[in-house]
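See structure below.
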Amino acid sequence: MAKYNDINMKLWHNYNDISTDSLWIIDKRDNSGIHSGHYHGNFIPQIPYQLFSRYTKKGDWILDPFMGSGTSIIEAINMERNAIGIELQQNVAQEVSDRLGNIKINDTKYLIFQGDSGILDINRQLQNHNINKVQFIIYHPPYWDIIKFSNDKQDLSNADTLQNFLYKFGKTIDNTSKLLEKNRYCALVIGDKYANSQIIPLGFYCMNLFMERNFLMKAIIVKNFDETKGKNGTKAIWRYRALASDFYIFKHEYIFVFKKLG
């Protein structure tokens with residue numbers, strides 16, 4: 001058994017639900033339990049399920065610096081991992097707290113903090129709960145300004161330039177990755193952007209932020225997606241626009257997996 005997950009290699013053929021391919025085709029969102037698809041821009045529970053299965057063990061602490069509707073927190077608890085969520089918007093953080101209620105599976109714990117994950121003194125907050133390190137971090141930041149999540153100037157979706165977005169996201173990486181135990185893993189879920197008649201490869205710009213900080217690249221996964229809330233019911237319109245112009249319609253996002261070296 002690897003030190004960073006609970007997979008029993010003697011029974012490796014039993015893990016049919018865990019993907020080992022770099023292309024993830026997922027037909028529909030898992031909305032079981034208290035998972036909810038109401039939040040604009042949230043991701044599907046299957047993503048944290050796959051990542052937590054491969055890179056964490058029961059009892060590990062998982063940090064989500066962009067908690068949103070709490071998808072990763074819920075999935076972590078369901079999988080008997082402990083979870084920490086940071087959310088900039090007070091009302092969103094409160095909604096997740098209310099929905100989680102007193103959910104508890106065995107000895108799992110969760111903590112929710114409201115604040116800017118780029119400047120919040122997370123280390124002090126965790127020490128108050130006798131937590132020294134986390135064993136996995138899942139980053140799912142806004143895809144720059146594709147969706148405006150709030151009017152807060154610190155919100156990454158309100159960054160006025162690409163450079164400012166990357167600077168702010170880099171601050172979040174620095175402030176949170178110091179809590180990650182060495183030789184453990186983190187993942188970035190991100191998509192690209194189309195603006196001013198050109199592709200902005202946001203995913204690879206963000207990937208480079210981790211590479212510049214000496215993280216070891218372990219995987220580049222491409223995941224499909226179909227209609228989003230913002231494009232719901234507009235397939236024909238977007239197909240017409242693509243045919244009339246010179247671009248292709250985004251149907252994918254990236255999941256980058258990194259290892260923190262000692």
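Ligands are numbered from 1 in the order shown, chains are lettered A, B, ... in the order of the structure tokens, and residues start at 1 in each chain.
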
Within 7 Å of segment 148-159 of chain A, counting only C-alpha atoms, which residues qualify if same-chain residues fewer than 6 places away don't, as a compact mmCIF listing (two decimals) with all heavy atoms, in the first residue's frame?
# COMPACT_ATOMS: atom_id res chain seq x y z
N PRO A 142 -11.41 30.85 -9.73
CA PRO A 142 -12.19 31.35 -10.86
C PRO A 142 -11.35 31.30 -12.12
O PRO A 142 -10.12 31.46 -12.07
CB PRO A 142 -12.48 32.81 -10.45
CG PRO A 142 -12.33 32.85 -8.97
CD PRO A 142 -11.27 31.84 -8.65
N PHE A 165 -4.36 38.84 -12.20
CA PHE A 165 -4.96 37.55 -11.82
C PHE A 165 -3.87 36.56 -11.41
O PHE A 165 -3.97 35.90 -10.37
CB PHE A 165 -5.77 36.99 -12.99
CG PHE A 165 -6.25 35.58 -12.78
CD1 PHE A 165 -7.45 35.34 -12.13
CD2 PHE A 165 -5.49 34.49 -13.20
CE1 PHE A 165 -7.90 34.03 -11.92
CE2 PHE A 165 -5.92 33.18 -13.00
CZ PHE A 165 -7.13 32.96 -12.36
N LYS A 168 -2.25 37.48 -8.04
CA LYS A 168 -3.09 37.16 -6.89
C LYS A 168 -3.17 35.65 -6.66
O LYS A 168 -3.12 35.18 -5.52
CB LYS A 168 -4.50 37.73 -7.09
CG LYS A 168 -4.58 39.24 -6.97
CD LYS A 168 -6.02 39.72 -7.11
CE LYS A 168 -6.15 41.21 -6.88
NZ LYS A 168 -7.55 41.67 -6.98

Given only C-alpha atoms, how would the per-residue table for segment 104-151 of chain A near segment 203-213 of chain A read, listing every residue at most 12 Å away with its closest atom pair and distance in Å to one decimal, sorted by chain and number, as CSV?
residue,atom,partner,partner_atom,distance
A:Tyr139,CA,A:Cys206,CA,10.6
A:His140,CA,A:Gly203,CA,11.0
A:Pro141,CA,A:Cys206,CA,10.0
A:Pro142,CA,A:Gly203,CA,11.1
A:Tyr143,CA,A:Gly203,CA,8.5
A:Trp144,CA,A:Gly203,CA,10.4

Deliver the residues from the most recent selection as a file, using C-alpha atoms, as a PDB file, in the first residue's frame.
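Written file, part31.pdb:
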ATOM      1  CA  TYR A 139      -7.218  24.463  -6.142  1.00  0.00           C
ATOM      2  CA  HIS A 140     -10.261  25.426  -8.206  1.00  0.00           C
ATOM      3  CA  PRO A 141      -9.945  29.187  -8.679  1.00  0.00           C
ATOM      4  CA  PRO A 142     -12.186  31.354 -10.855  1.00  0.00           C
ATOM      5  CA  TYR A 143     -11.290  31.097 -14.517  1.00  0.00           C
ATOM      6  CA  TRP A 144     -10.340  34.759 -14.319  1.00  0.00           C
TER       7      TRP A 144
END

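Between atom CA of Ser117 of chain A and atom CA of Phe169 of chain A the interatomic distance comes to 9.3 Å.
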
Residues within 8 Å of segment 246-255 of chain A, only C-alpha atoms, excluding chain neighbours under 2 positions, as a PyMOL selection string: chain A and resi 187-192+203+219-226+238-239+242-244+257

Who sits within 9 Å of segment 121-123 of chain A, only C-alpha atoms, same chain under 4 positions skipped, as a PyMOL selection string: chain A and resi 113+117+127-128+131-133+175-176+178-179

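Our summary of the geometry notes that atom CA of Lys58 of chain A is positioned 21.2 Å from atom CA of Gly101 of chain A.
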
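Between atom CA of Leu126 of chain A and atom CA of Trp61 of chain A the interatomic distance comes to 10.8 Å.
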
Nearest to Tyr15 of chain A, chosen from A:Ser197, A:Asn130, A:Gln46, A:Ser53, with only C-alpha atoms counted in the distances: A:Ser53

If you run DSSP over the backbone, which residues in segment 110-190 of chain A end up helix (DSSP H, G or I)? Put them as a ChimeraX atom specification. /A:122-127,156-158,162-177

Serialized selection, N, CA, C and O atoms, as an mmCIF file, in the first residue's frame:
data_model
loop_
_atom_site.group_PDB
_atom_site.id
_atom_site.type_symbol
_atom_site.label_atom_id
_atom_site.label_comp_id
_atom_site.auth_asym_id
_atom_site.auth_seq_id
_atom_site.Cartn_x
_atom_site.Cartn_y
_atom_site.Cartn_z
ATOM 1 N N ILE A 122 -3.640 31.312 7.715
ATOM 2 C CA ILE A 122 -4.181 29.958 7.833
ATOM 3 C C ILE A 122 -3.408 29.147 8.849
ATOM 4 O O ILE A 122 -3.969 28.332 9.585
ATOM 5 N N ASN A 123 -2.106 29.351 8.903
ATOM 6 C CA ASN A 123 -1.279 28.581 9.824
ATOM 7 C C ASN A 123 -1.736 28.769 11.267
ATOM 8 O O ASN A 123 -1.870 27.807 12.028
ATOM 9 N N ARG A 124 -2.010 30.023 11.629
ATOM 10 C CA ARG A 124 -2.479 30.294 12.992
ATOM 11 C C ARG A 124 -3.841 29.665 13.236
ATOM 12 O O ARG A 124 -4.100 29.097 14.298
ATOM 13 N N GLN A 125 -4.702 29.757 12.223
ATOM 14 C CA GLN A 125 -6.039 29.182 12.353
ATOM 15 C C GLN A 125 -5.967 27.673 12.578
ATOM 16 O O GLN A 125 -6.668 27.109 13.423
ATOM 17 N N LEU A 126 -5.076 27.011 11.834
ATOM 18 C CA LEU A 126 -4.979 25.556 11.954
ATOM 19 C C LEU A 126 -4.313 25.149 13.261
ATOM 20 O O LEU A 126 -4.688 24.137 13.862
ATOM 21 N N GLN A 127 -3.337 25.928 13.698
ATOM 22 C CA GLN A 127 -2.683 25.606 14.971
ATOM 23 C C GLN A 127 -3.668 25.687 16.126
ATOM 24 O O GLN A 127 -3.532 24.953 17.112
ATOM 25 N N LEU A 156 -10.609 36.936 -7.349
ATOM 26 C CA LEU A 156 -9.809 36.733 -8.553
ATOM 27 C C LEU A 156 -10.615 36.999 -9.821
ATOM 28 O O LEU A 156 -10.052 37.361 -10.854
ATOM 29 N N SER A 157 -11.921 36.812 -9.763
ATOM 30 C CA SER A 157 -12.746 37.047 -10.950
ATOM 31 C C SER A 157 -12.878 38.527 -11.263
ATOM 32 O O SER A 157 -13.413 38.890 -12.315
ATOM 33 N N ASN A 158 -12.391 39.381 -10.372
ATOM 34 C CA ASN A 158 -12.432 40.819 -10.605
ATOM 35 C C ASN A 158 -11.065 41.396 -10.961
ATOM 36 O O ASN A 158 -10.912 42.625 -11.021
ATOM 37 N N LEU A 162 -4.700 40.058 -16.843
ATOM 38 C CA LEU A 162 -4.203 38.701 -16.670
ATOM 39 C C LEU A 162 -3.046 38.673 -15.679
ATOM 40 O O LEU A 162 -2.968 37.782 -14.824
ATOM 41 N N GLN A 163 -2.165 39.649 -15.770
ATOM 42 C CA GLN A 163 -1.011 39.694 -14.877
ATOM 43 C C GLN A 163 -1.446 39.823 -13.414
ATOM 44 O O GLN A 163 -0.868 39.199 -12.521
ATOM 45 N N ASN A 164 -2.474 40.623 -13.187
ATOM 46 C CA ASN A 164 -2.973 40.801 -11.825
ATOM 47 C C ASN A 164 -3.621 39.523 -11.319
ATOM 48 O O ASN A 164 -3.468 39.145 -10.151
ATOM 49 N N PHE A 165 -4.363 38.839 -12.195
ATOM 50 C CA PHE A 165 -4.962 37.554 -11.820
ATOM 51 C C PHE A 165 -3.874 36.562 -11.410
ATOM 52 O O PHE A 165 -3.971 35.901 -10.365
ATOM 53 N N LEU A 166 -2.838 36.441 -12.215
ATOM 54 C CA LEU A 166 -1.762 35.482 -11.927
ATOM 55 C C LEU A 166 -1.003 35.876 -10.665
ATOM 56 O O LEU A 166 -0.602 35.007 -9.879
ATOM 57 N N TYR A 167 -0.816 37.180 -10.460
ATOM 58 C CA TYR A 167 -0.139 37.636 -9.245
ATOM 59 C C TYR A 167 -0.934 37.242 -8.003
ATOM 60 O O TYR A 167 -0.384 36.708 -7.033
ATOM 61 N N LYS A 168 -2.247 37.478 -8.042
ATOM 62 C CA LYS A 168 -3.090 37.159 -6.888
ATOM 63 C C LYS A 168 -3.168 35.650 -6.663
ATOM 64 O O LYS A 168 -3.121 35.183 -5.520
ATOM 65 N N PHE A 169 -3.268 34.893 -7.742
ATOM 66 C CA PHE A 169 -3.314 33.444 -7.582
ATOM 67 C C PHE A 169 -1.984 32.921 -7.053
ATOM 68 O O PHE A 169 -1.943 31.997 -6.232
ATOM 69 N N GLY A 170 -0.888 33.518 -7.496
ATOM 70 C CA GLY A 170 0.423 33.134 -6.973
ATOM 71 C C GLY A 170 0.527 33.366 -5.476
ATOM 72 O O GLY A 170 1.135 32.565 -4.749
ATOM 73 N N LYS A 171 -0.075 34.448 -5.001
ATOM 74 C CA LYS A 171 -0.081 34.716 -3.559
ATOM 75 C C LYS A 171 -0.837 33.627 -2.809
ATOM 76 O O LYS A 171 -0.442 33.218 -1.709
ATOM 77 N N THR A 172 -1.933 33.159 -3.399
ATOM 78 C CA THR A 172 -2.694 32.077 -2.767
ATOM 79 C C THR A 172 -1.876 30.795 -2.725
ATOM 80 O O THR A 172 -1.875 30.083 -1.710
ATOM 81 N N ILE A 173 -1.184 30.490 -3.810
ATOM 82 C CA ILE A 173 -0.324 29.299 -3.815
ATOM 83 C C ILE A 173 0.715 29.398 -2.708
ATOM 84 O O ILE A 173 0.932 28.451 -1.935
ATOM 85 N N ASP A 174 1.369 30.556 -2.605
ATOM 86 C CA ASP A 174 2.415 30.733 -1.592
ATOM 87 C C ASP A 174 1.856 30.614 -0.176
ATOM 88 O O ASP A 174 2.484 30.005 0.705
ATOM 89 N N ASN A 175 0.681 31.201 0.033
ATOM 90 C CA ASN A 175 0.118 31.236 1.386
ATOM 91 C C ASN A 175 -0.426 29.888 1.833
ATOM 92 O O ASN A 175 -0.493 29.622 3.034
ATOM 93 N N THR A 176 -0.801 29.049 0.887
ATOM 94 C CA THR A 176 -1.419 27.777 1.252
ATOM 95 C C THR A 176 -0.481 26.582 1.100
ATOM 96 O O THR A 176 -0.522 25.659 1.901
ATOM 97 N N SER A 177 0.366 26.603 0.094
ATOM 98 C CA SER A 177 1.214 25.432 -0.161
ATOM 99 C C SER A 177 2.256 25.215 0.928
ATOM 100 O O SER A 177 2.771 24.100 1.079
#

Where in segment 61-103 of chain A does DSSP assign strand (DSSP E), given as a PyMOL selection string? chain A and resi 61-64+82-87

Export all heavy atoms of the chosen residues as a PDB file, in the first residue's frame?
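Below is the file that was written, out-v6.pdb:
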ATOM      1  N   TRP A  61      -5.876  15.337   6.025  1.00  0.00           N
ATOM      2  CA  TRP A  61      -6.484  16.658   5.950  1.00  0.00           C
ATOM      3  C   TRP A  61      -6.350  17.200   4.533  1.00  0.00           C
ATOM      4  O   TRP A  61      -5.257  17.217   3.962  1.00  0.00           O
ATOM      5  CB  TRP A  61      -5.822  17.621   6.935  1.00  0.00           C
ATOM      6  CG  TRP A  61      -6.313  17.462   8.338  1.00  0.00           C
ATOM      7  CD1 TRP A  61      -5.739  16.723   9.343  1.00  0.00           C
ATOM      8  CD2 TRP A  61      -7.493  18.037   8.902  1.00  0.00           C
ATOM      9  NE1 TRP A  61      -6.481  16.808  10.491  1.00  0.00           N
ATOM     10  CE2 TRP A  61      -7.565  17.616  10.261  1.00  0.00           C
ATOM     11  CE3 TRP A  61      -8.493  18.875   8.405  1.00  0.00           C
ATOM     12  CZ2 TRP A  61      -8.604  18.003  11.102  1.00  0.00           C
ATOM     13  CZ3 TRP A  61      -9.532  19.262   9.245  1.00  0.00           C
ATOM     14  CH2 TRP A  61      -9.573  18.826  10.588  1.00  0.00           C
ATOM     15  N   ILE A  62      -7.469  17.644   3.973  1.00  0.00           N
ATOM     16  CA  ILE A  62      -7.526  18.195   2.630  1.00  0.00           C
ATOM     17  C   ILE A  62      -7.922  19.662   2.726  1.00  0.00           C
ATOM     18  O   ILE A  62      -8.874  20.011   3.425  1.00  0.00           O
ATOM     19  CB  ILE A  62      -8.539  17.419   1.767  1.00  0.00           C
ATOM     20  CG1 ILE A  62      -8.065  15.975   1.568  1.00  0.00           C
ATOM     21  CG2 ILE A  62      -8.760  18.116   0.428  1.00  0.00           C
ATOM     22  CD1 ILE A  62      -9.133  15.050   1.030  1.00  0.00           C
ATOM     23  N   LEU A  63      -7.197  20.517   2.012  1.00  0.00           N
ATOM     24  CA  LEU A  63      -7.467  21.958   2.025  1.00  0.00           C
ATOM     25  C   LEU A  63      -7.999  22.400   0.670  1.00  0.00           C
ATOM     26  O   LEU A  63      -7.430  22.069  -0.375  1.00  0.00           O
ATOM     27  CB  LEU A  63      -6.182  22.721   2.356  1.00  0.00           C
ATOM     28  CG  LEU A  63      -6.224  24.246   2.205  1.00  0.00           C
ATOM     29  CD1 LEU A  63      -7.228  24.863   3.170  1.00  0.00           C
ATOM     30  CD2 LEU A  63      -4.828  24.845   2.424  1.00  0.00           C
ATOM     31  N   ASP A  64      -9.082  23.161   0.693  1.00  0.00           N
ATOM     32  CA  ASP A  64      -9.643  23.765  -0.517  1.00  0.00           C
ATOM     33  C   ASP A  64      -9.664  25.276  -0.322  1.00  0.00           C
ATOM     34  O   ASP A  64     -10.520  25.805   0.389  1.00  0.00           O
ATOM     35  CB  ASP A  64     -11.062  23.241  -0.769  1.00  0.00           C
ATOM     36  CG  ASP A  64     -11.652  23.782  -2.064  1.00  0.00           C
ATOM     37  OD1 ASP A  64     -11.081  24.730  -2.632  1.00  0.00           O
ATOM     38  OD2 ASP A  64     -12.683  23.264  -2.518  1.00  0.00           O
ATOM     39  N   ASN A  82     -10.623  14.412   6.416  1.00  0.00           N
ATOM     40  CA  ASN A  82     -10.918  15.680   7.069  1.00  0.00           C
ATOM     41  C   ASN A  82     -10.724  16.808   6.064  1.00  0.00           C
ATOM     42  O   ASN A  82      -9.880  16.700   5.162  1.00  0.00           O
ATOM     43  CB  ASN A  82     -10.006  15.886   8.270  1.00  0.00           C
ATOM     44  CG  ASN A  82     -10.102  14.745   9.264  1.00  0.00           C
ATOM     45  OD1 ASN A  82     -11.185  14.446   9.768  1.00  0.00           O
ATOM     46  ND2 ASN A  82      -8.984  14.094   9.547  1.00  0.00           N
ATOM     47  N   ALA A  83     -11.485  17.878   6.211  1.00  0.00           N
ATOM     48  CA  ALA A  83     -11.454  18.915   5.187  1.00  0.00           C
ATOM     49  C   ALA A  83     -11.439  20.314   5.782  1.00  0.00           C
ATOM     50  O   ALA A  83     -12.029  20.572   6.832  1.00  0.00           O
ATOM     51  CB  ALA A  83     -12.653  18.758   4.258  1.00  0.00           C
ATOM     52  N   ILE A  84     -10.752  21.211   5.067  1.00  0.00           N
ATOM     53  CA  ILE A  84     -10.689  22.629   5.419  1.00  0.00           C
ATOM     54  C   ILE A  84     -11.072  23.429   4.193  1.00  0.00           C
ATOM     55  O   ILE A  84     -10.494  23.251   3.119  1.00  0.00           O
ATOM     56  CB  ILE A  84      -9.270  23.035   5.855  1.00  0.00           C
ATOM     57  CG1 ILE A  84      -8.796  22.184   7.039  1.00  0.00           C
ATOM     58  CG2 ILE A  84      -9.210  24.519   6.202  1.00  0.00           C
ATOM     59  CD1 ILE A  84      -7.289  22.129   7.176  1.00  0.00           C
ATOM     60  N   GLY A  85     -12.048  24.292   4.333  1.00  0.00           N
ATOM     61  CA  GLY A  85     -12.473  25.125   3.221  1.00  0.00           C
ATOM     62  C   GLY A  85     -12.285  26.590   3.533  1.00  0.00           C
ATOM     63  O   GLY A  85     -12.555  27.032   4.657  1.00  0.00           O
ATOM     64  N   ILE A  86     -11.809  27.352   2.555  1.00  0.00           N
ATOM     65  CA  ILE A  86     -11.678  28.805   2.686  1.00  0.00           C
ATOM     66  C   ILE A  86     -12.521  29.441   1.595  1.00  0.00           C
ATOM     67  O   ILE A  86     -12.414  29.079   0.420  1.00  0.00           O
ATOM     68  CB  ILE A  86     -10.211  29.261   2.545  1.00  0.00           C
ATOM     69  CG1 ILE A  86      -9.318  28.543   3.559  1.00  0.00           C
ATOM     70  CG2 ILE A  86     -10.105  30.771   2.728  1.00  0.00           C
ATOM     71  CD1 ILE A  86      -7.830  28.795   3.351  1.00  0.00           C
ATOM     72  N   GLU A  87     -13.362  30.382   1.974  1.00  0.00           N
ATOM     73  CA  GLU A  87     -14.260  31.020   1.021  1.00  0.00           C
ATOM     74  C   GLU A  87     -14.279  32.524   1.256  1.00  0.00           C
ATOM     75  O   GLU A  87     -14.422  32.978   2.390  1.00  0.00           O
ATOM     76  CB  GLU A  87     -15.678  30.453   1.144  1.00  0.00           C
ATOM     77  CG  GLU A  87     -16.749  31.167   0.354  1.00  0.00           C
ATOM     78  CD  GLU A  87     -16.424  31.308  -1.116  1.00  0.00           C
ATOM     79  OE1 GLU A  87     -15.911  30.330  -1.721  1.00  0.00           O
ATOM     80  OE2 GLU A  87     -16.671  32.397  -1.673  1.00  0.00           O
TER      81      GLU A  87
END

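With distances restricted to only C-alpha atoms, A:Gln50 is the closest residue to Asn16 of chain A from A:Leu88, A:Gln50, A:Asn196, A:Leu120.
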
Asp6 of chain A: which residues within 12 Å, counting only C-alpha atoms, same-chain residues fewer than 4 positions away excluded, as a compact mmCIF listing (two decimals) with all heavy atoms, in the first residue's frame?
# COMPACT_ATOMS: atom_id res chain seq x y z
N MET A 1 0.85 -1.20 0.00
CA MET A 1 0.00 0.00 0.00
C MET A 1 0.88 1.25 0.00
O MET A 1 1.79 1.37 0.81
CB MET A 1 -0.92 0.01 1.22
CG MET A 1 -1.86 1.20 1.28
SD MET A 1 -2.97 1.17 2.71
CE MET A 1 -1.80 1.38 4.05
N ALA A 2 0.64 2.15 -0.93
CA ALA A 2 1.41 3.39 -0.99
C ALA A 2 1.12 4.24 0.25
O ALA A 2 0.03 4.20 0.82
CB ALA A 2 1.05 4.16 -2.26
N LYS A 10 -2.62 -5.49 -3.76
CA LYS A 10 -2.93 -6.92 -3.90
C LYS A 10 -4.33 -7.12 -4.51
O LYS A 10 -4.61 -8.19 -5.04
CB LYS A 10 -2.84 -7.61 -2.54
CG LYS A 10 -1.42 -7.67 -1.97
CD LYS A 10 -1.40 -8.37 -0.62
CE LYS A 10 0.01 -8.43 -0.06
NZ LYS A 10 0.05 -9.10 1.29
N LEU A 11 -5.15 -6.08 -4.38
CA LEU A 11 -6.52 -6.14 -4.92
C LEU A 11 -6.69 -5.09 -6.03
O LEU A 11 -7.79 -4.58 -6.23
CB LEU A 11 -7.53 -5.88 -3.79
CG LEU A 11 -7.46 -6.83 -2.59
CD1 LEU A 11 -8.41 -6.36 -1.49
CD2 LEU A 11 -7.80 -8.26 -3.00
N TRP A 12 -5.62 -4.80 -6.74
CA TRP A 12 -5.63 -3.69 -7.70
C TRP A 12 -6.73 -3.82 -8.75
O TRP A 12 -7.29 -2.82 -9.20
CB TRP A 12 -4.26 -3.59 -8.39
CG TRP A 12 -3.94 -4.76 -9.28
CD1 TRP A 12 -3.32 -5.91 -8.92
CD2 TRP A 12 -4.26 -4.88 -10.67
NE1 TRP A 12 -3.21 -6.76 -9.99
CE2 TRP A 12 -3.78 -6.14 -11.09
CE3 TRP A 12 -4.88 -4.06 -11.60
CZ2 TRP A 12 -3.93 -6.60 -12.39
CZ3 TRP A 12 -5.02 -4.51 -12.91
CH2 TRP A 12 -4.54 -5.77 -13.29
N TYR A 15 -10.36 -2.00 -8.30
CA TYR A 15 -10.57 -0.55 -8.27
C TYR A 15 -11.00 -0.02 -9.64
O TYR A 15 -10.39 0.89 -10.20
CB TYR A 15 -9.29 0.15 -7.80
CG TYR A 15 -8.90 -0.18 -6.39
CD1 TYR A 15 -7.94 -1.16 -6.12
CD2 TYR A 15 -9.48 0.47 -5.31
CE1 TYR A 15 -7.58 -1.49 -4.81
CE2 TYR A 15 -9.13 0.16 -4.00
CZ TYR A 15 -8.17 -0.82 -3.76
OH TYR A 15 -7.82 -1.11 -2.47
N PHE A 52 -8.87 12.41 -4.56
CA PHE A 52 -8.72 11.96 -3.18
C PHE A 52 -8.44 10.46 -3.11
O PHE A 52 -7.72 9.99 -2.23
CB PHE A 52 -9.97 12.30 -2.36
CG PHE A 52 -10.29 13.77 -2.28
CD1 PHE A 52 -11.52 14.21 -1.81
CD2 PHE A 52 -9.37 14.73 -2.67
CE1 PHE A 52 -11.83 15.56 -1.73
CE2 PHE A 52 -9.66 16.08 -2.61
CZ PHE A 52 -10.90 16.49 -2.14
N SER A 53 -9.02 9.70 -4.05
CA SER A 53 -8.78 8.26 -4.08
C SER A 53 -7.32 7.95 -4.38
O SER A 53 -6.74 7.02 -3.80
CB SER A 53 -9.67 7.58 -5.13
OG SER A 53 -11.03 7.72 -4.81
N ARG A 54 -6.73 8.70 -5.28
CA ARG A 54 -5.36 8.44 -5.71
C ARG A 54 -4.32 9.01 -4.76
O ARG A 54 -3.23 8.43 -4.61
CB ARG A 54 -5.13 9.05 -7.10
CG ARG A 54 -5.81 8.33 -8.25
CD ARG A 54 -5.28 6.93 -8.49
NE ARG A 54 -3.86 6.89 -8.73
CZ ARG A 54 -3.27 7.10 -9.91
NH1 ARG A 54 -4.01 7.40 -10.96
NH2 ARG A 54 -1.96 7.02 -10.02
N TYR A 55 -4.61 10.15 -4.11
CA TYR A 55 -3.54 10.88 -3.42
C TYR A 55 -3.78 11.12 -1.93
O TYR A 55 -3.00 11.84 -1.31
CB TYR A 55 -3.32 12.22 -4.12
CG TYR A 55 -2.91 12.06 -5.56
CD1 TYR A 55 -3.79 12.37 -6.61
CD2 TYR A 55 -1.65 11.57 -5.90
CE1 TYR A 55 -3.42 12.20 -7.93
CE2 TYR A 55 -1.26 11.41 -7.22
CZ TYR A 55 -2.16 11.71 -8.22
OH TYR A 55 -1.78 11.54 -9.54
N THR A 56 -4.82 10.54 -1.35
CA THR A 56 -5.05 10.72 0.08
C THR A 56 -5.49 9.42 0.74
O THR A 56 -5.90 8.47 0.07
CB THR A 56 -6.13 11.80 0.36
OG1 THR A 56 -7.41 11.30 -0.06
CG2 THR A 56 -5.83 13.09 -0.37
N LYS A 57 -5.43 9.43 2.07
CA LYS A 57 -5.87 8.29 2.88
C LYS A 57 -6.98 8.75 3.82
O LYS A 57 -7.16 9.95 4.06
CB LYS A 57 -4.71 7.76 3.72
CG LYS A 57 -3.50 7.29 2.94
CD LYS A 57 -2.41 6.78 3.87
CE LYS A 57 -1.83 7.92 4.69
NZ LYS A 57 -0.68 7.48 5.53
N LYS A 58 -7.69 7.80 4.35
CA LYS A 58 -8.67 8.12 5.38
C LYS A 58 -7.96 8.80 6.54
O LYS A 58 -6.89 8.37 6.96
CB LYS A 58 -9.37 6.85 5.87
CG LYS A 58 -10.31 6.23 4.83
CD LYS A 58 -10.99 5.00 5.39
CE LYS A 58 -11.95 4.40 4.35
NZ LYS A 58 -12.64 3.18 4.86
N GLY A 59 -8.55 9.87 7.04
CA GLY A 59 -7.96 10.60 8.15
C GLY A 59 -7.05 11.74 7.73
O GLY A 59 -6.67 12.57 8.57
N ASP A 60 -6.66 11.81 6.46
CA ASP A 60 -5.83 12.92 5.98
C ASP A 60 -6.62 14.23 6.03
O ASP A 60 -7.86 14.23 6.02
CB ASP A 60 -5.39 12.67 4.53
CG ASP A 60 -4.17 11.76 4.45
OD1 ASP A 60 -3.57 11.44 5.49
OD2 ASP A 60 -3.81 11.37 3.31
N MET A 79 -15.72 10.43 2.03
CA MET A 79 -14.62 9.48 1.87
C MET A 79 -13.80 9.32 3.15
O MET A 79 -12.72 8.75 3.14
CB MET A 79 -13.73 9.91 0.71
CG MET A 79 -14.44 9.94 -0.63
SD MET A 79 -13.42 10.63 -1.97
CE MET A 79 -12.17 9.32 -2.12
N GLU A 80 -14.32 9.88 4.26
CA GLU A 80 -13.69 9.79 5.58
C GLU A 80 -12.32 10.47 5.62
O GLU A 80 -11.40 10.04 6.30
CB GLU A 80 -13.57 8.32 6.03
CG GLU A 80 -14.92 7.63 6.16
CD GLU A 80 -14.82 6.22 6.68
OE1 GLU A 80 -14.14 6.01 7.70
OE2 GLU A 80 -15.41 5.31 6.05
N ARG A 81 -12.22 11.59 4.90
CA ARG A 81 -11.09 12.49 5.01
C ARG A 81 -11.54 13.74 5.76
O ARG A 81 -12.73 14.08 5.75
CB ARG A 81 -10.58 12.92 3.64
CG ARG A 81 -9.62 11.96 2.94
CD ARG A 81 -10.28 10.76 2.40
NE ARG A 81 -9.42 10.01 1.49
CZ ARG A 81 -9.58 8.73 1.19
NH1 ARG A 81 -10.59 8.03 1.73
NH2 ARG A 81 -8.76 8.12 0.36

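Distance check against Glu75 of chain A using only C-alpha atoms: of A:Pro48, A:Pro201, A:Gly262, A:Gly118, the minimum falls on A:Pro48.
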